[in-house]
$ cat run.cif   # mmCIF, C-alpha atoms and all ligand atoms; chains and numbers go by the auth columns
data_coords
loop_
_atom_site.group_PDB
_atom_site.id
_atom_site.type_symbol
_atom_site.label_atom_id
_atom_site.label_comp_id
_atom_site.label_asym_id
_atom_site.label_seq_id
_atom_site.Cartn_x
_atom_site.Cartn_y
_atom_site.Cartn_z
_atom_site.B_iso_or_equiv
_atom_site.auth_seq_id
_atom_site.auth_asym_id
ATOM 1 C CA MET A 1 59.814 23.654 -0.117 0.00 1 A
ATOM 2 C CA LYS A 2 57.207 25.850 1.518 0.00 2 A
ATOM 3 C CA SER A 3 56.841 29.388 0.181 0.00 3 A
ATOM 4 C CA VAL A 4 54.023 31.915 0.289 0.00 4 A
ATOM 5 C CA VAL A 5 52.690 30.515 -2.985 0.00 5 A
ATOM 6 C CA THR A 6 52.743 26.843 -1.989 0.00 6 A
ATOM 7 C CA THR A 7 51.305 27.654 1.454 0.00 7 A
ATOM 8 C CA VAL A 8 48.338 29.517 0.025 0.00 8 A
ATOM 9 C CA ILE A 9 47.660 26.971 -2.721 0.00 9 A
ATOM 10 C CA SER A 10 47.944 23.932 -0.476 0.00 10 A
ATOM 11 C CA ALA A 11 45.632 25.501 2.128 0.00 11 A
ATOM 12 C CA ALA A 12 43.004 26.034 -0.577 0.00 12 A
ATOM 13 C CA VAL A 13 43.487 22.497 -1.909 0.00 13 A
ATOM 14 C CA ALA A 14 43.205 21.052 1.593 0.00 14 A
ATOM 15 C CA ALA A 15 39.933 22.946 2.035 0.00 15 A
ATOM 16 C CA GLY A 16 38.702 21.623 -1.321 0.00 16 A
ATOM 17 C CA ARG A 17 38.361 25.036 -2.939 0.00 17 A
ATOM 18 C CA PHE A 18 40.106 27.275 -5.419 0.00 18 A
ATOM 19 C CA PRO A 19 42.256 30.111 -4.032 0.00 19 A
ATOM 20 C CA SER A 20 40.061 33.023 -2.966 0.00 20 A
ATOM 21 C CA THR A 21 40.577 36.689 -3.728 0.00 21 A
ATOM 22 C CA SER A 22 42.180 37.230 -0.346 0.00 22 A
ATOM 23 C CA ASP A 23 44.469 34.215 -0.947 0.00 23 A
ATOM 24 C CA LEU A 24 45.607 35.798 -4.183 0.00 24 A
ATOM 25 C CA GLU A 25 46.028 39.172 -2.514 0.00 25 A
ATOM 26 C CA SER A 26 48.331 37.656 0.041 0.00 26 A
ATOM 27 C CA VAL A 27 50.441 36.116 -2.734 0.00 27 A
ATOM 28 C CA GLN A 28 50.440 39.433 -4.565 0.00 28 A
ATOM 29 C CA GLY A 29 51.529 41.290 -1.422 0.00 29 A
ATOM 30 C CA SER A 30 54.402 38.905 -1.016 0.00 30 A
ATOM 31 C CA ILE A 31 55.474 39.278 -4.623 0.00 31 A
ATOM 32 C CA GLN A 32 55.401 43.053 -4.244 0.00 32 A
ATOM 33 C CA ARG A 33 57.799 42.721 -1.329 0.00 33 A
ATOM 34 C CA ALA A 34 60.038 40.297 -3.243 0.00 34 A
ATOM 35 C CA ALA A 35 62.476 42.984 -4.415 0.00 35 A
ATOM 36 C CA ALA A 36 63.039 44.125 -0.825 0.00 36 A
ATOM 37 C CA ARG A 37 63.502 40.545 0.341 0.00 37 A
ATOM 38 C CA LEU A 38 65.990 39.755 -2.416 0.00 38 A
ATOM 39 C CA GLU A 39 67.945 42.885 -1.597 0.00 39 A
ATOM 40 C CA ALA A 40 68.074 41.789 2.051 0.00 40 A
ATOM 41 C CA ALA A 41 69.136 38.265 1.035 0.00 41 A
ATOM 42 C CA GLU A 42 71.927 39.636 -1.107 0.00 42 A
ATOM 43 C CA LYS A 43 73.245 42.102 1.480 0.00 43 A
ATOM 44 C CA LEU A 44 73.023 39.525 4.242 0.00 44 A
ATOM 45 C CA GLY A 45 74.838 36.995 2.063 0.00 45 A
ATOM 46 C CA ALA A 46 77.667 39.431 1.418 0.00 46 A
ATOM 47 C CA ASN A 47 78.136 40.003 5.169 0.00 47 A
ATOM 48 C CA LEU A 48 76.962 36.756 6.667 0.00 48 A
ATOM 49 C CA ASP A 49 80.270 35.685 8.201 0.00 49 A
ATOM 50 C CA LYS A 50 80.762 39.057 9.838 0.00 50 A
ATOM 51 C CA VAL A 51 77.163 39.319 11.042 0.00 51 A
ATOM 52 C CA ALA A 52 77.379 35.836 12.571 0.00 52 A
ATOM 53 C CA GLN A 53 80.752 36.517 14.200 0.00 53 A
ATOM 54 C CA GLU A 54 79.516 39.739 15.824 0.00 54 A
ATOM 55 C CA ALA A 55 76.362 38.004 17.022 0.00 55 A
ATOM 56 C CA TYR A 56 78.401 35.152 18.474 0.00 56 A
ATOM 57 C CA ASP A 57 80.774 37.595 20.208 0.00 57 A
ATOM 58 C CA ALA A 58 77.814 39.465 21.724 0.00 58 A
ATOM 59 C CA ALA A 59 76.337 36.232 23.088 0.00 59 A
ATOM 60 C CA MET A 60 79.662 35.208 24.613 0.00 60 A
ATOM 61 C CA LYS A 61 80.126 38.622 26.160 0.00 61 A
ATOM 62 C CA LYS A 62 76.751 38.363 27.896 0.00 62 A
ATOM 63 C CA TYR A 63 77.045 34.676 28.823 0.00 63 A
ATOM 64 C CA SER A 64 80.775 34.541 29.456 0.00 64 A
ATOM 65 C CA TYR A 65 80.349 31.651 31.908 0.00 65 A
ATOM 66 C CA LEU A 66 80.002 29.459 28.805 0.00 66 A
ATOM 67 C CA ASN A 67 83.780 29.711 28.384 0.00 67 A
ATOM 68 C CA ASN A 68 84.378 28.050 31.755 0.00 68 A
ATOM 69 C CA GLU A 69 85.643 24.518 31.840 0.00 69 A
ATOM 70 C CA GLY A 70 82.948 21.978 31.051 0.00 70 A
ATOM 71 C CA GLU A 71 80.600 24.602 29.579 0.00 71 A
ATOM 72 C CA ALA A 72 79.292 24.740 25.997 0.00 72 A
ATOM 73 C CA ASN A 73 81.853 27.230 24.669 0.00 73 A
ATOM 74 C CA SER A 74 84.883 25.881 26.500 0.00 74 A
ATOM 75 C CA THR A 75 86.697 24.046 23.703 0.00 75 A
ATOM 76 C CA ASP A 76 87.664 24.965 20.142 0.00 76 A
ATOM 77 C CA THR A 77 85.206 22.365 18.852 0.00 77 A
ATOM 78 C CA TYR A 78 82.336 23.800 20.889 0.00 78 A
ATOM 79 C CA LYS A 79 83.212 27.362 19.895 0.00 79 A
ATOM 80 C CA ALA A 80 83.221 26.371 16.234 0.00 80 A
ATOM 81 C CA LYS A 81 79.878 24.574 16.605 0.00 81 A
ATOM 82 C CA CYS A 82 78.302 27.536 18.347 0.00 82 A
ATOM 83 C CA LEU A 83 79.387 29.966 15.645 0.00 83 A
ATOM 84 C CA ARG A 84 78.292 27.438 13.026 0.00 84 A
ATOM 85 C CA ASP A 85 74.833 27.181 14.625 0.00 85 A
ATOM 86 C CA ILE A 86 74.426 30.954 14.424 0.00 86 A
ATOM 87 C CA LYS A 87 75.513 30.843 10.793 0.00 87 A
ATOM 88 C CA HIS A 88 72.913 28.129 10.180 0.00 88 A
ATOM 89 C CA TYR A 89 70.174 30.438 11.436 0.00 89 A
ATOM 90 C CA MET A 90 71.426 33.363 9.369 0.00 90 A
ATOM 91 C CA ARG A 91 71.588 31.126 6.297 0.00 91 A
ATOM 92 C CA LEU A 92 68.045 29.850 6.909 0.00 92 A
ATOM 93 C CA ILE A 93 66.865 33.453 7.285 0.00 93 A
ATOM 94 C CA GLN A 94 68.486 34.162 3.943 0.00 94 A
ATOM 95 C CA TYR A 95 66.636 31.215 2.336 0.00 95 A
ATOM 96 C CA CYS A 96 63.362 32.487 3.826 0.00 96 A
ATOM 97 C CA LEU A 97 64.002 35.908 2.312 0.00 97 A
ATOM 98 C CA VAL A 98 64.416 34.258 -1.072 0.00 98 A
ATOM 99 C CA VAL A 99 61.332 32.015 -0.941 0.00 99 A
ATOM 100 C CA GLY A 100 59.132 34.611 0.748 0.00 100 A
ATOM 101 C CA GLY A 101 57.965 32.410 3.595 0.00 101 A
ATOM 102 C CA THR A 102 59.177 30.846 6.810 0.00 102 A
ATOM 103 C CA GLY A 103 59.329 27.322 5.355 0.00 103 A
ATOM 104 C CA PRO A 104 63.121 26.840 5.497 0.00 104 A
ATOM 105 C CA LEU A 105 63.321 28.036 9.110 0.00 105 A
ATOM 106 C CA ASP A 106 60.293 25.997 10.147 0.00 106 A
ATOM 107 C CA GLU A 107 61.472 22.807 8.505 0.00 107 A
ATOM 108 C CA TRP A 108 65.228 22.901 9.129 0.00 108 A
ATOM 109 C CA GLY A 109 65.783 25.331 11.968 0.00 109 A
ATOM 110 C CA ILE A 110 62.833 25.238 14.318 0.00 110 A
ATOM 111 C CA ALA A 111 61.273 21.777 14.032 0.00 111 A
ATOM 112 C CA GLY A 112 63.069 19.583 16.555 0.00 112 A
ATOM 113 C CA GLY A 113 65.423 22.380 17.633 0.00 113 A
ATOM 114 C CA ARG A 114 64.205 22.511 21.199 0.00 114 A
ATOM 115 C CA GLU A 115 64.620 18.748 21.585 0.00 115 A
ATOM 116 C CA VAL A 116 68.161 18.872 20.190 0.00 116 A
ATOM 117 C CA TYR A 117 69.191 21.654 22.564 0.00 117 A
ATOM 118 C CA ARG A 118 67.583 19.913 25.518 0.00 118 A
ATOM 119 C CA ALA A 119 69.265 16.614 24.665 0.00 119 A
ATOM 120 C CA LEU A 120 72.657 18.334 24.347 0.00 120 A
ATOM 121 C CA ASN A 121 72.015 20.440 27.431 0.00 121 A
ATOM 122 C CA LEU A 122 72.527 23.677 25.478 0.00 122 A
ATOM 123 C CA PRO A 123 70.868 26.844 26.807 0.00 123 A
ATOM 124 C CA THR A 124 68.824 28.719 24.187 0.00 124 A
ATOM 125 C CA ALA A 125 69.291 32.167 25.780 0.00 125 A
ATOM 126 C CA PRO A 126 72.703 32.665 24.088 0.00 126 A
ATOM 127 C CA TYR A 127 71.111 31.999 20.690 0.00 127 A
ATOM 128 C CA VAL A 128 68.446 34.572 21.525 0.00 128 A
ATOM 129 C CA GLU A 129 71.132 37.061 22.555 0.00 129 A
ATOM 130 C CA ALA A 130 73.118 36.480 19.350 0.00 130 A
ATOM 131 C CA LEU A 131 70.081 36.927 17.101 0.00 131 A
ATOM 132 C CA SER A 132 68.839 39.915 19.119 0.00 132 A
ATOM 133 C CA PHE A 133 72.220 41.559 18.662 0.00 133 A
ATOM 134 C CA ALA A 134 71.895 41.074 14.887 0.00 134 A
ATOM 135 C CA ARG A 135 68.331 42.394 15.127 0.00 135 A
ATOM 136 C CA ASN A 136 69.506 45.650 16.685 0.00 136 A
ATOM 137 C CA ARG A 137 72.651 45.971 14.614 0.00 137 A
ATOM 138 C CA GLY A 138 71.129 46.245 11.126 0.00 138 A
ATOM 139 C CA CYS A 139 70.787 49.832 10.010 0.00 139 A
ATOM 140 C CA ALA A 140 69.122 51.461 6.990 0.00 140 A
ATOM 141 C CA PRO A 141 70.312 52.788 4.643 0.00 141 A
ATOM 142 C CA ARG A 142 73.840 51.843 5.753 0.00 142 A
ATOM 143 C CA ASP A 143 73.341 48.076 5.428 0.00 143 A
ATOM 144 C CA MET A 144 70.269 47.861 3.192 0.00 144 A
ATOM 145 C CA SER A 145 67.144 49.827 2.310 0.00 145 A
ATOM 146 C CA ALA A 146 64.471 50.399 4.963 0.00 146 A
ATOM 147 C CA GLN A 147 62.060 47.962 3.248 0.00 147 A
ATOM 148 C CA ALA A 148 64.753 45.289 3.004 0.00 148 A
ATOM 149 C CA LEU A 149 65.626 45.784 6.677 0.00 149 A
ATOM 150 C CA THR A 150 61.957 45.357 7.625 0.00 150 A
ATOM 151 C CA GLU A 151 61.851 41.986 5.868 0.00 151 A
ATOM 152 C CA TYR A 152 65.141 40.858 7.404 0.00 152 A
ATOM 153 C CA ASN A 153 64.173 41.982 10.901 0.00 153 A
ATOM 154 C CA ALA A 154 60.802 40.219 10.695 0.00 154 A
ATOM 155 C CA LEU A 155 62.599 36.901 10.132 0.00 155 A
ATOM 156 C CA LEU A 156 65.059 37.572 12.933 0.00 156 A
ATOM 157 C CA ASP A 157 62.090 38.275 15.231 0.00 157 A
ATOM 158 C CA TYR A 158 60.425 35.080 14.076 0.00 158 A
ATOM 159 C CA THR A 159 63.559 33.060 14.867 0.00 159 A
ATOM 160 C CA ILE A 160 64.062 34.781 18.232 0.00 160 A
ATOM 161 C CA ASN A 161 60.463 34.051 19.221 0.00 161 A
ATOM 162 C CA SER A 162 60.851 30.407 18.283 0.00 162 A
ATOM 163 C CA LEU A 163 63.846 30.107 20.630 0.00 163 A
ATOM 164 C CA SER A 164 62.504 32.239 23.496 0.00 164 A
HETATM 165 C C1 LIG B . 70.313 23.922 9.920 0.00 201 B
HETATM 166 C C2 LIG B . 69.852 24.022 11.297 0.00 201 B
HETATM 167 C C3 LIG B . 70.715 23.357 12.344 0.00 201 B
HETATM 168 C C4 LIG B . 70.900 23.783 13.627 0.00 201 B
HETATM 169 C C5 LIG B . 70.305 24.993 14.241 0.00 201 B
HETATM 170 C C6 LIG B . 71.774 22.835 14.283 0.00 201 B
HETATM 171 C C7 LIG B . 72.169 22.878 15.604 0.00 201 B
HETATM 172 C C8 LIG B . 72.978 21.916 16.298 0.00 201 B
HETATM 173 N N1 LIG B . 73.941 22.286 17.165 0.00 201 B
HETATM 174 C C9 LIG B . 74.565 21.185 17.651 0.00 201 B
HETATM 175 C C10 LIG B . 75.669 21.120 18.520 0.00 201 B
HETATM 176 C C11 LIG B . 76.238 22.168 19.288 0.00 201 B
HETATM 177 N N2 LIG B . 75.878 23.481 19.303 0.00 201 B
HETATM 178 C C12 LIG B . 76.629 24.183 20.209 0.00 201 B
HETATM 179 C C13 LIG B . 76.373 25.591 20.422 0.00 201 B
HETATM 180 C C14 LIG B . 76.588 26.510 21.420 0.00 201 B
HETATM 181 N N3 LIG B . 77.539 26.532 22.390 0.00 201 B
HETATM 182 C C15 LIG B . 77.326 27.552 23.257 0.00 201 B
HETATM 183 O O1 LIG B . 78.031 27.843 24.227 0.00 201 B
HETATM 184 C C16 LIG B . 76.064 28.271 22.931 0.00 201 B
HETATM 185 C C17 LIG B . 75.010 27.936 23.943 0.00 201 B
HETATM 186 C C18 LIG B . 75.719 27.746 21.562 0.00 201 B
HETATM 187 C C19 LIG B . 75.967 28.755 20.442 0.00 201 B
HETATM 188 C C20 LIG B . 75.062 29.959 20.550 0.00 201 B
HETATM 189 C C21 LIG B . 77.545 23.266 20.787 0.00 201 B
HETATM 190 C C22 LIG B . 78.597 23.545 21.843 0.00 201 B
HETATM 191 C C23 LIG B . 77.300 21.993 20.228 0.00 201 B
HETATM 192 C C24 LIG B . 77.985 20.675 20.544 0.00 201 B
HETATM 193 C C25 LIG B . 77.413 20.111 21.826 0.00 201 B
HETATM 194 C C26 LIG B . 77.943 18.752 22.176 0.00 201 B
HETATM 195 O O2 LIG B . 78.553 18.076 21.322 0.00 201 B
HETATM 196 O O3 LIG B . 77.728 18.348 23.336 0.00 201 B
HETATM 197 C C27 LIG B . 73.927 20.020 17.073 0.00 201 B
HETATM 198 C C28 LIG B . 74.294 18.564 17.355 0.00 201 B
HETATM 199 C C29 LIG B . 75.117 17.975 16.224 0.00 201 B
HETATM 200 C C30 LIG B . 76.507 18.548 16.156 0.00 201 B
HETATM 201 O O4 LIG B . 77.253 18.447 17.142 0.00 201 B
HETATM 202 O O5 LIG B . 76.837 19.122 15.121 0.00 201 B
HETATM 203 C C31 LIG B . 72.915 20.496 16.246 0.00 201 B
HETATM 204 C C32 LIG B . 71.941 19.647 15.463 0.00 201 B
HETATM 205 N N4 LIG B . 72.106 21.881 13.384 0.00 201 B
HETATM 206 C C33 LIG B . 71.478 22.140 12.197 0.00 201 B
HETATM 207 O O6 LIG B . 71.589 21.453 11.172 0.00 201 B
#
$ encode --input "run.cif" --output "structure tokens"
Amino acid sequence: MKSVVTTVISAAVAAGRFPSTSDLESVQGSIQRAAARLEAAEKLGANLDKVAQEAYDAAMKKYSYLNNEGEANSTDTYKAKCLRDIKHYMRLIQYCLVVGGTGPLDEWGIAGGREVYRALNLPTAPYVEALSFARNRGCAPRDMSAQALTEYNALLDYTINSLS
């Protein structure tokens, strides 16, 4: 799995050189932020179902037409899949917080995502709305420390940008 360490090392290997000072500094920076990331992963994990449910509700409030007959949130199965998809993203964000890189999101959440949504005729704007709601909802120090929130929000932004 890709992490900040494997990314830096494999880039150096691919270039046929040993990791440079700046390579090592980037690893060191990431390790220094590890405590904040792990705190965010833990707090997110403890609230993931609630965070996902609120995000889903916000998306359905904004795009309420999706509940109309024939639309993507019109049946119990579709509703469950939509909420599940949002949980998938939150879970992948949690994995990224743990490994200290965007590998899990890139490999399992983003690669091929656009094609899947196009093939299923699913609009991506509701995903963006759900994740943006979560992005604006997190609050320090209520939910986690300011540093942890910075790490969490950066991954939400990354996911939002990939879907926008
Ligand atoms: C780990 C990463 C991962 C992601 C992200 C993922 C997404 C994903 N969502 C799917 C379906 C789906 N996703 C939705 C979601 C929605 N309905 C709405 O109204 C909104 C637009 C949206 C929620 C925000 C729906 C309705 C389906 C079923 C569509 C269908 O069967 O036609 C499918 C097709 C397979 C299935 O039906 O389960 C995939 C692959 N799967 C993964 O493994």
$ atom_distance --input "run.cif" --atom1 "CA of Leu38 in chain A" --atom2 "CA of Ala154 in chain A"
14.1 Å
$ closest_residue --input "run.cif" --among "A:Leu48, A:Ala41, A:Ile9, A:Leu122" --to "ligand LIG 201 (chain B)" --atoms "only C-alpha atoms and all ligand atoms"
A:Leu122
$ atom_distance --input "run.cif" --atom1 "CA of Arg33 in chain A" --atom2 "CA of Phe18 in chain A"
23.8 Å
$ resolve_selection --input "run.cif" --expression "the PyMOL selection byres (((chain A and resi 34) around 12) and not hetatm)" --output "list of chain:residue names"
A:Ser3, A:Val4, A:Val27, A:Gln28, A:Gly29, A:Ser30, A:Ile31, A:Gln32, A:Arg33, A:Ala35, A:Ala36, A:Arg37, A:Leu38, A:Glu39, A:Ala40, A:Ala41, A:Cys96, A:Leu97, A:Val98, A:Val99, A:Gly100, A:Gly101, A:Gln147, A:Ala148, A:Glu151, A:Tyr152
$ residues_around --input "run.cif" --residues "Gln53 in chain A" --least-positions-apart "3" --cutoff "9 Å" --atoms "only C-alpha atoms" --output "ChimeraX atom specification"
/A:48-50,56-58,83,86-87
$ residues_near_ligand --input "run.cif" --ligand "ligand LIG 201 (chain B)" --cutoff "7 Å" --atoms "all atoms listed in the file" --output "JSON list (two decimals) with C-alpha atoms, in the frame of the given file"
[["chain", "number", "residue", "atom", "x", "y", "z"],
["A", 56, "TYR", "CA", 78.40, 35.15, 18.47],
["A", 59, "ALA", "CA", 76.34, 36.23, 23.09],
["A", 66, "LEU", "CA", 80.00, 29.46, 28.80],
["A", 71, "GLU", "CA", 80.60, 24.60, 29.58],
["A", 72, "ALA", "CA", 79.29, 24.74, 26.00],
["A", 73, "ASN", "CA", 81.85, 27.23, 24.67],
["A", 78, "TYR", "CA", 82.34, 23.80, 20.89],
["A", 79, "LYS", "CA", 83.21, 27.36, 19.90],
["A", 81, "LYS", "CA", 79.88, 24.57, 16.60],
["A", 82, "CYS", "CA", 78.30, 27.54, 18.35],
["A", 83, "LEU", "CA", 79.39, 29.97, 15.64],
["A", 85, "ASP", "CA", 74.83, 27.18, 14.62],
["A", 86, "ILE", "CA", 74.43, 30.95, 14.42],
["A", 88, "HIS", "CA", 72.91, 28.13, 10.18],
["A", 89, "TYR", "CA", 70.17, 30.44, 11.44],
["A", 108, "TRP", "CA", 65.23, 22.90, 9.13],
["A", 109, "GLY", "CA", 65.78, 25.33, 11.97],
["A", 113, "GLY", "CA", 65.42, 22.38, 17.63],
["A", 116, "VAL", "CA", 68.16, 18.87, 20.19],
["A", 120, "LEU", "CA", 72.66, 18.33, 24.35],
["A", 122, "LEU", "CA", 72.53, 23.68, 25.48],
["A", 123, "PRO", "CA", 70.87, 26.84, 26.81],
["A", 124, "THR", "CA", 68.82, 28.72, 24.19],
["A", 126, "PRO", "CA", 72.70, 32.66, 24.09],
["A", 127, "TYR", "CA", 71.11, 32.00, 20.69],
["A", 130, "ALA", "CA", 73.12, 36.48, 19.35]]
$ atom_distance --input "run.cif" --atom1 "CA of Leu163 in chain A" --atom2 "CA of Gln94 in chain A"
17.8 Å
$ closest_residue --input "run.cif" --among "A:Ser164, A:Ser132, A:Val13, A:Asn153" --to "Arg114 in chain A" --atoms "all atoms listed in the file"
A:Ser164
$ closest_residue --input "run.cif" --among "A:Ile93, A:Ala111, A:Ala52, A:Ala146" --to "Thr159 in chain A" --atoms "all atoms listed in the file"
A:Ile93
$ closest_residue --input "run.cif" --among "A:Lys2, A:Lys43, A:Lys61, A:Arg135" --to "Glu107 in chain A" --atoms "only C-alpha atoms"
A:Lys2
$ closest_residue --input "run.cif" --among "A:Phe133, A:Gly138, A:Leu149, A:Arg17" --to "Ala55 in chain A" --atoms "all atoms listed in the file"
A:Phe133
$ closest_residue --input "run.cif" --among "A:Glu54, A:Tyr117, A:Asn47, A:Val8" --to "Arg137 in chain A" --atoms "only C-alpha atoms"
A:Glu54
$ decode --input "run.cif" --residues "range 74-123 of chain A" --atoms "C-alpha atoms" --output "short mmCIF file (atom, residue, chain, number, x, y, z; two decimals), in the first residue's frame"
data_model
loop_
_atom_site.label_atom_id
_atom_site.label_comp_id
_atom_site.auth_asym_id
_atom_site.auth_seq_id
_atom_site.Cartn_x
_atom_site.Cartn_y
_atom_site.Cartn_z
CA SER A 74 -35.73 6.46 -4.84
CA THR A 75 -35.64 2.94 -3.41
CA ASP A 76 -34.43 1.46 -0.11
CA THR A 77 -31.66 -0.34 -1.99
CA TYR A 78 -30.45 2.86 -3.65
CA LYS A 79 -30.64 4.80 -0.38
CA ALA A 80 -28.57 2.14 1.36
CA LYS A 81 -26.01 2.13 -1.47
CA CYS A 82 -25.71 5.90 -1.41
CA LEU A 83 -25.10 6.00 2.33
CA ARG A 84 -22.70 3.08 1.95
CA ASP A 85 -20.74 4.95 -0.75
CA ILE A 86 -20.32 7.93 1.58
CA LYS A 87 -19.17 5.57 4.32
CA HIS A 88 -16.66 4.08 1.88
CA TYR A 89 -15.12 7.51 1.33
CA MET A 90 -15.01 8.27 5.05
CA ARG A 91 -13.39 4.88 5.69
CA LEU A 92 -10.80 5.48 2.95
CA ILE A 93 -10.07 8.90 4.46
CA GLN A 94 -9.53 7.14 7.77
CA TYR A 95 -7.07 4.69 6.14
CA CYS A 96 -5.22 7.62 4.56
CA LEU A 97 -4.92 9.27 7.97
CA VAL A 98 -3.34 6.09 9.29
CA VAL A 99 -0.85 5.53 6.45
CA GLY A 100 0.00 9.21 6.04
CA GLY A 101 -0.63 9.39 2.32
CA THR A 102 -3.43 9.40 -0.21
CA GLY A 103 -2.71 5.85 -1.43
CA PRO A 104 -5.92 4.19 -0.17
CA LEU A 105 -8.13 6.91 -1.66
CA ASP A 106 -6.20 6.95 -4.93
CA GLU A 107 -6.23 3.20 -5.37
CA TRP A 108 -9.68 2.24 -4.07
CA GLY A 109 -11.76 5.40 -4.13
CA ILE A 110 -10.65 7.60 -6.99
CA ALA A 111 -9.17 5.32 -9.66
CA GLY A 112 -12.07 4.27 -11.89
CA GLY A 113 -14.64 6.16 -9.80
CA ARG A 114 -15.64 8.54 -12.54
CA GLU A 115 -16.18 5.66 -14.98
CA VAL A 116 -18.32 3.77 -12.46
CA TYR A 117 -20.53 6.78 -11.79
CA ARG A 118 -20.85 7.54 -15.49
CA ALA A 119 -21.74 3.93 -16.28
CA LEU A 120 -24.37 3.88 -13.52
CA ASN A 121 -25.59 7.34 -14.46
CA LEU A 122 -24.94 8.66 -10.94
CA PRO A 123 -24.34 12.41 -10.53
#
